[in-house]
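protein02.csv follows; it contains CSV, C-alpha atoms.
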```csv
chain,number,residue,atom,x,y,z
M,20,MET,CA,0.0,0.0,0.0
M,21,PRO,CA,1.6,3.4,-0.9
M,22,GLU,CA,2.1,6.1,1.6
M,23,ILE,CA,-0.4,9.0,1.7
M,24,THR,CA,0.9,12.4,0.5
M,25,ILE,CA,-0.4,15.0,2.9
M,26,LEU,CA,1.7,18.1,2.2
M,27,ALA,CA,3.5,19.4,-0.9
M,28,ARG,CA,5.8,22.3,-0.1
M,29,TYR,CA,6.1,23.6,-3.6
M,30,GLU,CA,3.9,23.6,-6.7
M,31,ALA,CA,6.9,24.4,-8.8
M,32,LYS,CA,8.8,22.1,-11.2
M,33,PRO,CA,10.9,19.6,-9.4
M,34,LYS,CA,14.2,20.9,-10.5
M,35,MET,CA,13.6,24.6,-9.6
M,36,LYS,CA,16.0,25.7,-7.0
M,37,ARG,CA,14.8,28.1,-4.3
M,38,ILE,CA,16.3,29.8,-1.3
M,39,LYS,CA,15.8,28.2,2.1
M,40,ASP,CA,13.2,29.7,4.4
M,41,GLY,CA,14.9,32.0,6.9
M,42,VAL,CA,17.7,33.3,4.7
M,43,GLU,CA,18.1,37.1,5.0
M,44,LEU,CA,20.1,39.9,3.4
M,45,TYR,CA,22.3,42.0,5.8
M,46,SER,CA,23.9,45.3,5.0
M,47,ARG,CA,27.3,45.9,6.5
M,48,LYS,CA,28.6,49.0,8.4
M,49,ASN,CA,31.0,51.2,6.4
M,50,SER,CA,30.9,48.9,3.4
M,51,HIS,CA,29.0,48.5,0.1
M,52,GLU,CA,29.0,44.8,0.6
M,53,TYR,CA,26.0,42.7,1.9
M,54,LEU,CA,25.9,39.4,3.6
M,55,PHE,CA,23.3,36.9,2.3
M,56,GLY,CA,22.4,33.9,4.5
M,57,THR,CA,21.9,33.2,8.2
M,58,GLN,CA,23.9,34.0,11.4
M,59,LYS,CA,25.7,30.6,10.9
M,60,ARG,CA,26.4,30.6,7.2
M,61,VAL,CA,26.6,33.5,4.7
M,62,VAL,CA,27.9,34.5,1.3
M,63,ARG,CA,29.2,37.9,0.3
M,64,ILE,CA,27.2,40.1,-2.0
M,65,ARG,CA,29.5,42.5,-3.8
M,66,THR,CA,27.6,43.7,-6.9
M,67,GLN,CA,24.2,45.2,-7.7
M,68,GLU,CA,23.4,42.2,-9.9
M,69,GLN,CA,24.1,39.8,-7.0
M,70,LYS,CA,21.9,42.0,-4.7
M,71,PHE,CA,19.1,41.9,-7.2
M,72,ILE,CA,19.3,38.1,-7.4
M,73,ALA,CA,19.3,37.8,-3.6
M,74,LEU,CA,16.2,40.0,-3.4
M,75,GLU,CA,14.4,38.0,-6.1
M,76,LEU,CA,15.2,34.8,-4.3
M,77,MET,CA,13.9,36.1,-1.1
M,78,SER,CA,10.7,37.0,-2.8
M,79,GLY,CA,10.1,33.4,-3.6
M,80,LYS,CA,11.5,33.1,-7.1
M,81,SER,CA,13.6,30.2,-8.3
M,82,GLY,CA,16.9,30.6,-10.2
M,83,SER,CA,15.1,29.6,-13.4
M,84,ALA,CA,12.4,32.2,-12.9
M,85,ILE,CA,15.0,35.0,-12.4
M,86,LEU,CA,16.6,34.1,-15.7
M,87,GLU,CA,13.3,34.2,-17.5
M,88,THR,CA,12.1,37.6,-16.0
M,89,SER,CA,15.4,39.6,-15.9
M,90,GLU,CA,18.2,40.6,-18.3
M,91,ILE,CA,21.0,39.5,-15.9
M,92,ASP,CA,23.6,37.3,-17.5
M,93,SER,CA,22.9,33.6,-17.0
M,94,GLY,CA,26.6,33.1,-15.9
M,95,ILE,CA,26.2,35.5,-13.0
M,96,VAL,CA,22.9,33.8,-11.8
M,97,ASN,CA,24.3,30.3,-12.2
M,98,GLU,CA,27.6,31.2,-10.4
M,99,MET,CA,25.7,32.7,-7.5
M,100,MET,CA,23.3,29.7,-7.2
M,101,GLN,CA,26.2,27.3,-7.1
M,102,GLU,CA,27.8,29.4,-4.3
M,103,LEU,CA,24.6,29.4,-2.4
M,104,GLU,CA,24.3,25.6,-2.9
M,105,SER,CA,27.8,25.0,-1.6
M,106,HIS,CA,26.8,26.8,1.6
M,107,GLU,CA,23.6,24.8,1.8
M,108,LEU,CA,21.4,27.8,1.5
M,109,ILE,CA,19.4,26.4,-1.4
M,110,ASP,CA,16.6,23.8,-1.6
M,111,SER,CA,17.3,21.9,-4.8
M,112,THR,CA,15.0,19.0,-4.4
M,113,HIS,CA,11.3,19.0,-3.4
M,114,SER,CA,9.5,16.4,-1.5
M,115,SER,CA,6.1,15.9,0.3
M,116,LEU,CA,5.3,15.0,3.8
M,117,LYS,CA,3.8,11.6,3.9
M,118,VAL,CA,1.7,9.7,6.5
M,119,SER,CA,2.5,6.0,6.8
M,120,PRO,CA,-0.5,3.8,6.1
M,121,ARG,CA,0.1,2.1,9.4
M,122,PHE,CA,-1.2,5.2,11.1
M,123,VAL,CA,-4.3,5.6,8.9
M,124,SER,CA,-5.8,2.2,9.3
M,125,LYS,CA,-4.6,-1.4,9.7
M,126,ILE,CA,-7.5,-2.6,7.5
M,127,ASP,CA,-7.0,-2.3,3.8
M,128,THR,CA,-10.7,-1.8,2.9
M,129,ARG,CA,-11.0,1.0,5.4
M,130,VAL,CA,-7.9,2.7,3.9
M,131,THR,CA,-9.4,2.6,0.4
M,132,LYS,CA,-12.7,4.0,1.7
M,133,ASN,CA,-11.4,6.7,4.1
M,134,VAL,CA,-8.0,7.9,2.9
M,135,LYS,CA,-9.3,10.8,0.7
M,136,ASN,CA,-11.5,12.4,3.4
M,137,PHE,CA,-8.9,11.7,6.1
M,138,ALA,CA,-6.2,13.4,4.1
M,139,ASP,CA,-8.4,16.3,3.1
M,140,ALA,CA,-9.4,16.9,6.7
M,141,SER,CA,-5.8,16.7,7.9
M,142,PHE,CA,-4.2,18.8,5.2
M,143,LEU,CA,-4.5,22.3,6.6
M,144,GLN,CA,-3.8,21.2,10.2
M,145,LEU,CA,-0.6,19.3,9.3
M,146,GLN,CA,0.5,22.1,7.1
M,147,ARG,CA,0.3,24.6,9.9
M,148,ARG,CA,1.7,22.4,12.6
M,149,SER,CA,4.6,21.0,10.6
M,150,ALA,CA,6.0,24.5,9.6
M,151,PRO,CA,8.0,25.1,12.8
M,152,GLU,CA,9.4,21.5,12.7
M,153,LEU,CA,10.4,22.0,9.1
M,154,HIS,CA,12.3,25.2,10.1
M,155,GLN,CA,14.5,22.9,12.2
M,156,THR,CA,14.9,19.9,9.9
M,157,ASN,CA,15.5,22.1,6.9
M,158,TRP,CA,18.8,23.3,8.4
M,159,ILE,CA,20.2,19.9,9.3
M,160,ASP,CA,23.5,19.5,7.4
M,161,GLY,CA,23.1,18.1,4.0
M,162,VAL,CA,19.3,18.7,3.7
M,163,THR,CA,18.2,20.1,0.4
M,164,ASP,CA,14.5,19.2,0.3
M,165,SER,CA,13.1,21.6,3.0
M,166,GLY,CA,13.5,18.9,5.6
M,167,VAL,CA,10.4,17.0,4.7
M,168,GLU,CA,12.1,13.6,4.2
M,169,ILE,CA,13.6,13.7,7.7
M,170,LEU,CA,10.4,14.9,9.3
M,171,SER,CA,8.3,12.2,7.5
M,172,ALA,CA,10.8,9.5,8.5
M,173,ARG,CA,10.3,10.2,12.2
M,174,GLN,CA,7.1,8.2,12.0
M,175,ASN,CA,9.0,5.0,11.2
M,176,TYR,CA,11.1,4.8,14.4
M,177,LEU,CA,10.0,3.1,17.6
M,178,VAL,CA,11.0,4.9,20.8
M,179,GLU,CA,10.1,3.2,24.0
M,180,LEU,CA,10.0,5.1,27.3
M,181,SER,CA,10.2,3.7,30.8
M,182,GLY,CA,10.2,5.6,34.1
M,183,ARG,CA,7.6,7.2,36.5
M,184,ASN,CA,8.9,10.8,36.8
M,185,ARG,CA,7.9,14.1,35.3
M,186,VAL,CA,10.6,14.1,32.6
M,187,ALA,CA,9.3,10.8,31.2
M,188,THR,CA,5.8,12.1,30.9
M,189,ILE,CA,6.9,15.4,29.2
M,190,LEU,CA,9.2,13.5,26.9
M,191,TYR,CA,6.2,11.4,25.7
M,192,SER,CA,4.3,14.6,24.7
M,193,LEU,CA,7.4,16.3,23.1
M,194,LEU,CA,8.3,13.3,20.9
M,195,LEU,CA,4.7,12.9,19.6
M,196,LEU,CA,4.4,16.6,18.9
M,197,SER,CA,7.7,16.4,17.0
M,198,GLY,CA,6.5,13.6,14.7
M,199,VAL,CA,7.7,10.5,16.5
M,200,THR,CA,4.3,8.8,16.3
M,201,GLN,CA,5.6,5.4,17.4
M,202,THR,CA,6.6,6.7,20.9
M,203,ARG,CA,5.2,4.5,23.6
M,204,PHE,CA,5.6,3.6,27.3
M,205,THR,CA,6.5,0.0,28.1
M,206,ALA,CA,3.7,-2.0,29.7
M,207,HIS,CA,5.2,-1.9,33.2
M,208,SER,CA,7.2,1.4,32.9
M,209,ARG,CA,5.8,3.0,36.1
M,210,GLY,CA,6.0,-0.1,38.3
M,211,PRO,CA,3.3,0.0,41.0
M,212,ALA,CA,2.4,3.7,40.2
M,213,ALA,CA,0.1,2.6,37.4
M,214,THR,CA,-2.4,5.4,37.9
M,215,ILE,CA,-2.0,9.2,37.5
M,216,GLY,CA,-1.1,10.8,40.8
M,217,ASP,CA,-0.3,14.1,42.5
M,218,LEU,CA,3.1,14.5,40.9
M,219,ASP,CA,1.7,14.1,37.4
M,220,MET,CA,-0.6,17.2,37.7
M,221,GLY,CA,0.3,19.9,35.1
M,222,VAL,CA,2.9,17.6,33.4
M,223,GLY,CA,2.6,16.7,29.7
M,224,SER,CA,-1.1,17.9,29.4
M,225,LEU,CA,-2.2,16.0,32.5
M,226,ARG,CA,-4.9,17.8,34.5
M,227,PRO,CA,-6.6,17.2,37.9
M,228,SER,CA,-9.6,15.7,36.1
M,229,GLU,CA,-7.4,12.8,35.0
M,230,PHE,CA,-6.4,12.0,38.6
M,231,GLY,CA,-6.6,8.2,39.3
M,232,LYS,CA,-6.9,7.1,35.6
M,233,VAL,CA,-4.7,4.4,34.3
M,234,PHE,CA,-1.6,6.2,33.1
M,235,ASN,CA,-0.8,4.1,30.0
M,236,ASN,CA,-4.4,4.1,28.8
M,237,HIS,CA,-4.6,7.9,29.1
M,238,CYS,CA,-1.3,8.2,27.2
M,239,GLU,CA,-2.9,6.3,24.3
M,240,THR,CA,-5.6,9.0,24.2
M,241,LEU,CA,-3.0,11.7,24.4
M,242,ARG,CA,-1.2,10.1,21.4
M,243,LYS,CA,-4.1,10.9,19.1
M,244,ASP,CA,-4.5,14.4,20.5
M,245,LEU,CA,-0.9,15.4,20.3
M,246,SER,CA,0.6,13.4,17.4
M,247,LEU,CA,2.0,15.7,14.7
M,248,PHE,CA,0.9,13.3,12.0
M,249,PRO,CA,-2.9,12.6,12.0
M,250,LEU,CA,-4.2,9.4,13.6
M,251,GLU,CA,-7.6,7.7,13.4
M,252,ARG,CA,-9.4,8.1,16.8
M,253,ASP,CA,-11.1,4.8,16.8
M,254,HIS,CA,-8.0,2.7,16.2
M,255,ASN,CA,-5.8,1.2,19.0
M,256,TYR,CA,-2.2,1.9,17.9
M,257,ASP,CA,-0.8,0.9,21.2
M,258,GLN,CA,-2.2,-2.6,20.8
M,259,ASP,CA,-0.7,-2.7,17.3
M,260,SER,CA,2.7,-1.9,18.7
M,261,ALA,CA,2.3,-4.5,21.4
M,262,ASN,CA,1.5,-7.2,18.9
M,263,GLU,CA,4.6,-6.4,16.8
M,264,ILE,CA,7.7,-8.2,18.0
M,265,HIS,CA,10.7,-6.1,17.3
M,266,SER,CA,13.2,-4.1,19.4
M,267,ALA,CA,12.9,-0.4,19.8
M,268,ASP,CA,15.1,1.8,17.7
M,269,LEU,CA,15.9,3.6,21.0
M,270,HIS,CA,14.8,2.9,24.6
M,271,VAL,CA,14.8,5.9,27.0
M,272,HIS,CA,14.8,5.1,30.7
M,273,CYS,CA,14.1,7.9,33.2
M,274,GLY,CA,15.1,7.1,36.7
M,275,ASP,CA,17.4,4.7,38.5
M,276,LEU,CA,18.3,1.7,36.3
M,277,GLU,CA,17.9,-1.8,37.5
M,278,PRO,CA,21.0,-4.0,36.9
M,279,GLU,CA,18.8,-6.7,35.2
M,280,ALA,CA,17.5,-4.2,32.7
M,281,LEU,CA,21.0,-2.9,32.0
M,282,SER,CA,22.4,-6.4,31.5
M,283,LEU,CA,19.5,-7.3,29.2
M,284,TRP,CA,20.0,-4.2,27.0
M,285,MET,CA,23.7,-4.6,26.8
M,286,SER,CA,23.5,-8.3,25.9
M,287,THR,CA,20.7,-7.8,23.2
M,288,HIS,CA,22.4,-4.7,21.8
M,289,GLN,CA,19.5,-2.5,22.6
M,290,ASN,CA,20.5,1.2,22.0
M,291,PHE,CA,19.3,3.3,25.0
M,292,LEU,CA,19.5,6.7,26.6
M,293,HIS,CA,19.7,6.9,30.4
M,294,ILE,CA,18.3,9.9,32.3
M,295,PRO,CA,19.0,9.0,35.9
M,296,SER,CA,17.1,10.3,38.9
M,297,PRO,CA,18.3,13.7,40.1
M,298,ARG,CA,20.6,13.9,43.1
M,299,ALA,CA,19.9,16.9,45.4
M,300,ASP,CA,19.6,19.8,43.0
M,301,THR,CA,21.6,18.3,40.2
M,302,ALA,CA,20.2,16.3,37.2
M,303,GLN,CA,21.9,14.4,34.5
M,304,ILE,CA,21.2,13.3,30.9
M,305,GLY,CA,23.1,10.4,29.4
M,306,PRO,CA,25.0,8.6,28.3
M,307,LEU,CA,23.4,7.5,25.1
M,308,VAL,CA,24.6,3.9,24.8
M,309,ILE,CA,25.2,1.9,21.7
M,310,PRO,CA,26.3,-1.4,23.2
M,311,GLY,CA,29.7,-2.6,22.1
M,312,ASN,CA,30.5,0.7,20.5
M,313,THR,CA,30.3,3.5,23.1
M,314,PRO,CA,30.9,4.0,26.8
M,315,CYS,CA,28.0,2.6,28.9
M,316,VAL,CA,26.2,3.5,32.1
M,317,ARG,CA,28.7,1.7,34.3
M,318,CYS,CA,31.6,3.5,32.5
M,319,SER,CA,29.9,6.7,33.5
M,320,THR,CA,29.5,5.7,37.1
M,321,LEU,CA,33.2,4.5,37.4
M,322,PHE,CA,34.4,7.7,35.7
M,323,PHE,CA,32.6,10.0,38.1
M,324,ASN,CA,33.6,7.9,41.1
M,325,ASP,CA,37.3,8.2,40.0
M,326,HIS,CA,36.9,11.9,39.4
M,327,ASN,CA,35.3,12.6,42.8
M,328,GLY,CA,37.4,10.0,44.8
M,329,ILE,CA,34.3,7.9,45.6
M,330,ASP,CA,34.3,4.2,46.2
M,331,GLU,CA,30.5,3.7,46.2
M,332,THR,CA,27.3,5.5,47.0
M,333,LEU,CA,25.5,4.2,50.0
M,334,GLU,CA,21.7,4.2,49.7
M,335,ILE,CA,20.0,4.0,53.1
M,336,SER,CA,16.4,3.9,51.7
M,337,GLN,CA,15.1,3.1,48.2
M,338,SER,CA,11.6,4.2,48.9
M,339,ASN,CA,12.2,8.0,48.5
M,340,GLN,CA,11.2,8.8,45.0
M,341,ARG,CA,13.2,11.7,43.6
M,342,ASP,CA,11.4,13.9,41.0
M,343,TYR,CA,12.1,17.1,39.3
M,344,PRO,CA,10.7,20.6,40.0
M,345,GLN,CA,8.4,21.7,37.2
M,346,ILE,CA,10.7,24.2,35.5
M,347,ALA,CA,13.7,21.8,35.6
M,348,ALA,CA,11.6,18.9,34.4
M,349,HIS,CA,10.5,20.8,31.3
M,350,PHE,CA,14.0,22.1,30.6
M,351,ILE,CA,15.6,18.6,31.0
M,352,ALA,CA,12.9,16.9,29.0
M,353,SER,CA,13.4,19.4,26.1
M,354,MET,CA,17.2,18.8,26.1
M,355,ALA,CA,16.7,15.0,26.2
M,356,ALA,CA,14.1,15.2,23.4
M,357,SER,CA,16.6,17.2,21.3
M,358,GLN,CA,19.1,14.5,21.7
M,359,ILE,CA,16.6,11.8,20.8
M,360,LEU,CA,15.5,13.6,17.7
M,361,SER,CA,19.1,14.2,16.6
M,362,TYR,CA,19.8,10.4,17.0
M,363,ILE,CA,16.6,9.4,15.1
M,364,ASP,CA,17.3,12.0,12.3
M,365,GLY,CA,20.8,10.6,12.1
M,366,LEU,CA,19.4,7.1,11.4
M,367,THR,CA,17.6,8.7,8.4
M,368,THR,CA,20.6,10.7,7.0
M,369,GLY,CA,23.1,8.0,7.9
M,370,VAL,CA,25.3,10.5,9.7
M,371,GLN,CA,25.3,10.6,13.5
M,372,LYS,CA,26.6,13.6,15.5
M,373,ALA,CA,29.7,12.5,17.4
M,374,GLU,CA,28.7,14.5,20.5
M,375,LEU,CA,25.5,12.4,20.9
M,376,VAL,CA,27.5,9.5,22.4
M,377,GLY,CA,30.2,9.3,25.0
M,378,ASN,CA,28.9,12.4,26.8
M,379,VAL,CA,26.9,13.1,29.9
M,380,ILE,CA,25.1,16.5,30.4
M,381,THR,CA,24.8,17.7,34.0
M,382,ILE,CA,22.3,20.4,34.9
M,383,ASP,CA,22.3,22.5,38.1
M,384,TYR,CA,18.7,23.5,39.2
M,385,GLN,CA,20.1,26.8,40.4
M,386,PHE,CA,21.7,27.6,37.0
M,387,LEU,CA,19.6,25.8,34.4
M,388,THR,CA,21.0,28.0,31.6
M,389,ARG,CA,24.5,26.7,32.2
M,390,PRO,CA,24.5,22.9,31.6
M,391,GLN,CA,27.9,21.1,31.4
M,392,THR,CA,28.8,18.5,28.8
M,393,ILE,CA,31.3,16.0,30.2
M,394,ALA,CA,33.1,13.5,27.9
M,395,ILE,CA,32.9,9.9,29.3
M,396,PRO,CA,35.6,7.4,28.1
M,397,ARG,CA,35.3,3.6,28.2
M,398,HIS,CA,36.5,2.6,31.7
M,399,PRO,CA,39.1,-0.2,31.9
M,400,LEU,CA,37.3,-1.8,34.8
M,401,CYS,CA,33.9,-1.9,33.1
M,402,GLY,CA,34.4,-4.6,30.6
M,403,CYS,CA,31.6,-3.4,28.2
M,404,ALA,CA,34.0,-3.4,25.3
M,405,PHE,CA,34.6,-7.1,25.5
```
Is it possible to express this structure as structure tokens?
Amino acid sequence: MPEITILARYEAKPKMKRIKDGVELYSRKNSHEYLFGTQKRVVRIRTQEQKFIALELMSGKSGSAILETSEIDSGIVNEMMQELESHELIDSTHSSLKVSPRFVSKIDTRVTKNVKNFADASFLQLQRRSAPELHQTNWIDGVTDSGVEILSARQNYLVELSGRNRVATILYSLLLLSGVTQTRFTAHSRGPAATIGDLDMGVGSLRPSEFGKVFNNHCETLRKDLSLFPLERDHNYDQDSANEIHSADLHVHCGDLEPEALSLWMSTHQNFLHIPSPRADTAQIGPLVIPGNTPCVRCSTLFFNDHNGIDETLEISQSNQRDYPQIAAHFIASMAASQILSYIDGLTTGVQKAELVGNVITIDYQFLTRPQTIAIPRHPLCGCAF
């Protein structure tokens, strides 16, 4: 069954090259030159012809349209377009956002009957909601199609969450809103806290009226309300995922990690991100572990123990649940969601950012705007490399 095209960014011919959204023209002090681009990448505009081309591109015209409607020499236009392409300021290919058939209906006859109305009803909403996400994916290195392929591909990756704190709940909402439609909590992710409680209020769209409801069931309802890509309301996607036997593309655990779970993920080569419980007023994100290839959680623990001169941490009571204050929870969840999306998008592009692995981010509640990134090496006493 083919995918359903929901949004076409351009109506132009496929080979028409256009300037990326967000590119601006800057005049320079005490100079006749202009800068054309963004605050991270620019080209110099030295002539009036180049300035004219830049203004035409910003108005929405393609390079071909400028050649057809102006008397500027084609060599000047082509040379400038090539320079802009080399700085990745041009969209040279054009794609469409697509909704996977698995999220429209699992029954072929219903797909045939309902796809048209479903797509028509979702078109305007998806167009508006996806625009900010495309502003981010469009500027990923190497992207030349407005970012639509990367955003569409987020539907295809399974991200499993476990943990019973505020960061886990907020992460669920953020990933759905960002296009990761296959985000789900594991069946027993919250342990004995299976219902929505006091600490859940105001977190990830949870309100007092939801108090006492089964947490995972309510998350399934939220999936359909929050998902960037449209879903059918009368279909149980959580049950679909439960019936499919395959490992997650990434498991995210929020809270203290049981040794048995760590051993299982390492032995089965399950990639995972650990967000441990906060200690006093300090929180931590990471490491993101690719078993056999990157430093693991135990490497991180041994590294910090060596750094601080600690033999082991003595826990007197395991019953004291540590959770985050609201502002810190939203801040940390946003940082973690950014890491998760970077990893998922890297699976699509085939290029992973080196800083995603082998690092731990520490956050001080008193100075949230100054997180620290600490490189974690493989520890010789860990043995995860063997």
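Neighbouring residues of Leu400 (chain M) at 10 Å or closer, counting all atoms listed in the file and skipping chain neighbours under 6 positions away, are Arg317, Cys318, Leu321 and Phe322 of chain M.
Residues in contact range of region 57-71 of chain M, defined as at most 9 Å between all atoms listed in the file, with sequence neighbours fewer than 3 positions away removed, read Gly41, Val42, Glu43, Leu44, His51, Glu52, Tyr53, Leu54, Leu74, Glu75, Leu76, Ile91, Ile95, Val96, Met99, Glu102, Leu103, His106, Glu107 and Leu108 of chain M.
In this comparison, which uses only C-alpha atoms, the residue of M:Lys243, M:Ser319, M:Gln289, M:Ser114 approaching Arg397 (chain M) most closely is M:Ser319.
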- Query: Within 9 Å of region 77-86 of chain M, counting only C-alpha atoms, which residues qualify if same-chain residues fewer than 6 places away don't, as a VMD selection string?
  - Reply: chain M and resid 31 35 to 40 42 to 44 92 to 93 96 to 97 100
Any chance you could tabulate, as a tab-separated table, the residues of region 272-386 of chain M at most 12 Å from region 170-178 of chain M with each one's nearest atom pair and distance in Å to one decimal, using all atoms listed in the file, in chain and rising number order?
```
residue	atom	partner	partner_atom	distance
M:His272	CA	M:Val178	CA	10.6
M:Gln289	CA	M:Val178	CA	11.4
M:Asn290	CA	M:Val178	CA	10.3
M:Phe291	CA	M:Val178	CA	9.4
M:Leu292	CA	M:Val178	CA	10.4
M:Ala356	CA	M:Val178	CA	11.1
M:Ile359	CA	M:Val178	CA	8.9
M:Leu360	CA	M:Arg173	CA	8.3
M:Ser361	CA	M:Arg173	CA	10.6
M:Tyr362	CA	M:Arg173	CA	10.6
M:Ile363	CA	M:Arg173	CA	7.0
M:Asp364	CA	M:Arg173	CA	7.2
M:Gly365	CA	M:Arg173	CA	10.5
M:Leu366	CA	M:Tyr176	CA	9.1
M:Thr367	CA	M:Ala172	CA	6.8
M:Thr368	CA	M:Ala172	CA	10.0
```
- Message: Quick one: residues within 9 Å of Asp300 (chain M), all atoms listed in the file, excluding same-chain residues fewer than 4 positions away - as JSON, numbers by chain?
- Response: {"M": [343, 382, 383, 384, 385]}
Please produce a file of the residues just selected, as a PDB file, keeping the file's coordinate frame, where the atoms kept are C-alpha atoms.
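Contents of result-v8.pdb, freshly written:
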```pdb
ATOM      1  CA  TYR M 343      12.100  17.100  39.300  1.00  0.00           C
ATOM      2  CA  ILE M 382      22.300  20.400  34.900  1.00  0.00           C
ATOM      3  CA  ASP M 383      22.300  22.500  38.100  1.00  0.00           C
ATOM      4  CA  TYR M 384      18.700  23.500  39.200  1.00  0.00           C
ATOM      5  CA  GLN M 385      20.100  26.800  40.400  1.00  0.00           C
TER       6      GLN M 385
END
```
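If you look at CA of Gly94 (chain M) and CA of Asp110 (chain M), they are 19.8 Å away from each other.
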- With a distance cut-off of 12 Å and only C-alpha atoms, select the neighbouring residues of Ser353 (chain M), excluding the residue or stretch itself and same-chain residues fewer than 3 positions from it, and output the selection as a ChimeraX atom specification. /M:185-194,196-197,223,304,346-350,356-360
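Take the candidates M:Ala373, M:Met285, M:Val162, M:Leu307 and check each one against Gly402 (chain M) using all atoms listed in the file; the shortest distance goes to M:Met285.
Going from CA of Trp284 (chain M) over to CA of Ile380 (chain M), you cover 21.6 Å.
Of the listed residues M:Thr200, M:Ser149, M:Thr381, M:Ser246, the one whose atoms come nearest to Thr301 (chain M) is M:Thr381, with distances taken using only C-alpha atoms.
When only C-alpha atoms are used to measure the gap to Pro344 (chain M), the shortest distance among M:Val379, M:Val316, M:Gln101, M:Leu387 belongs to M:Leu387.
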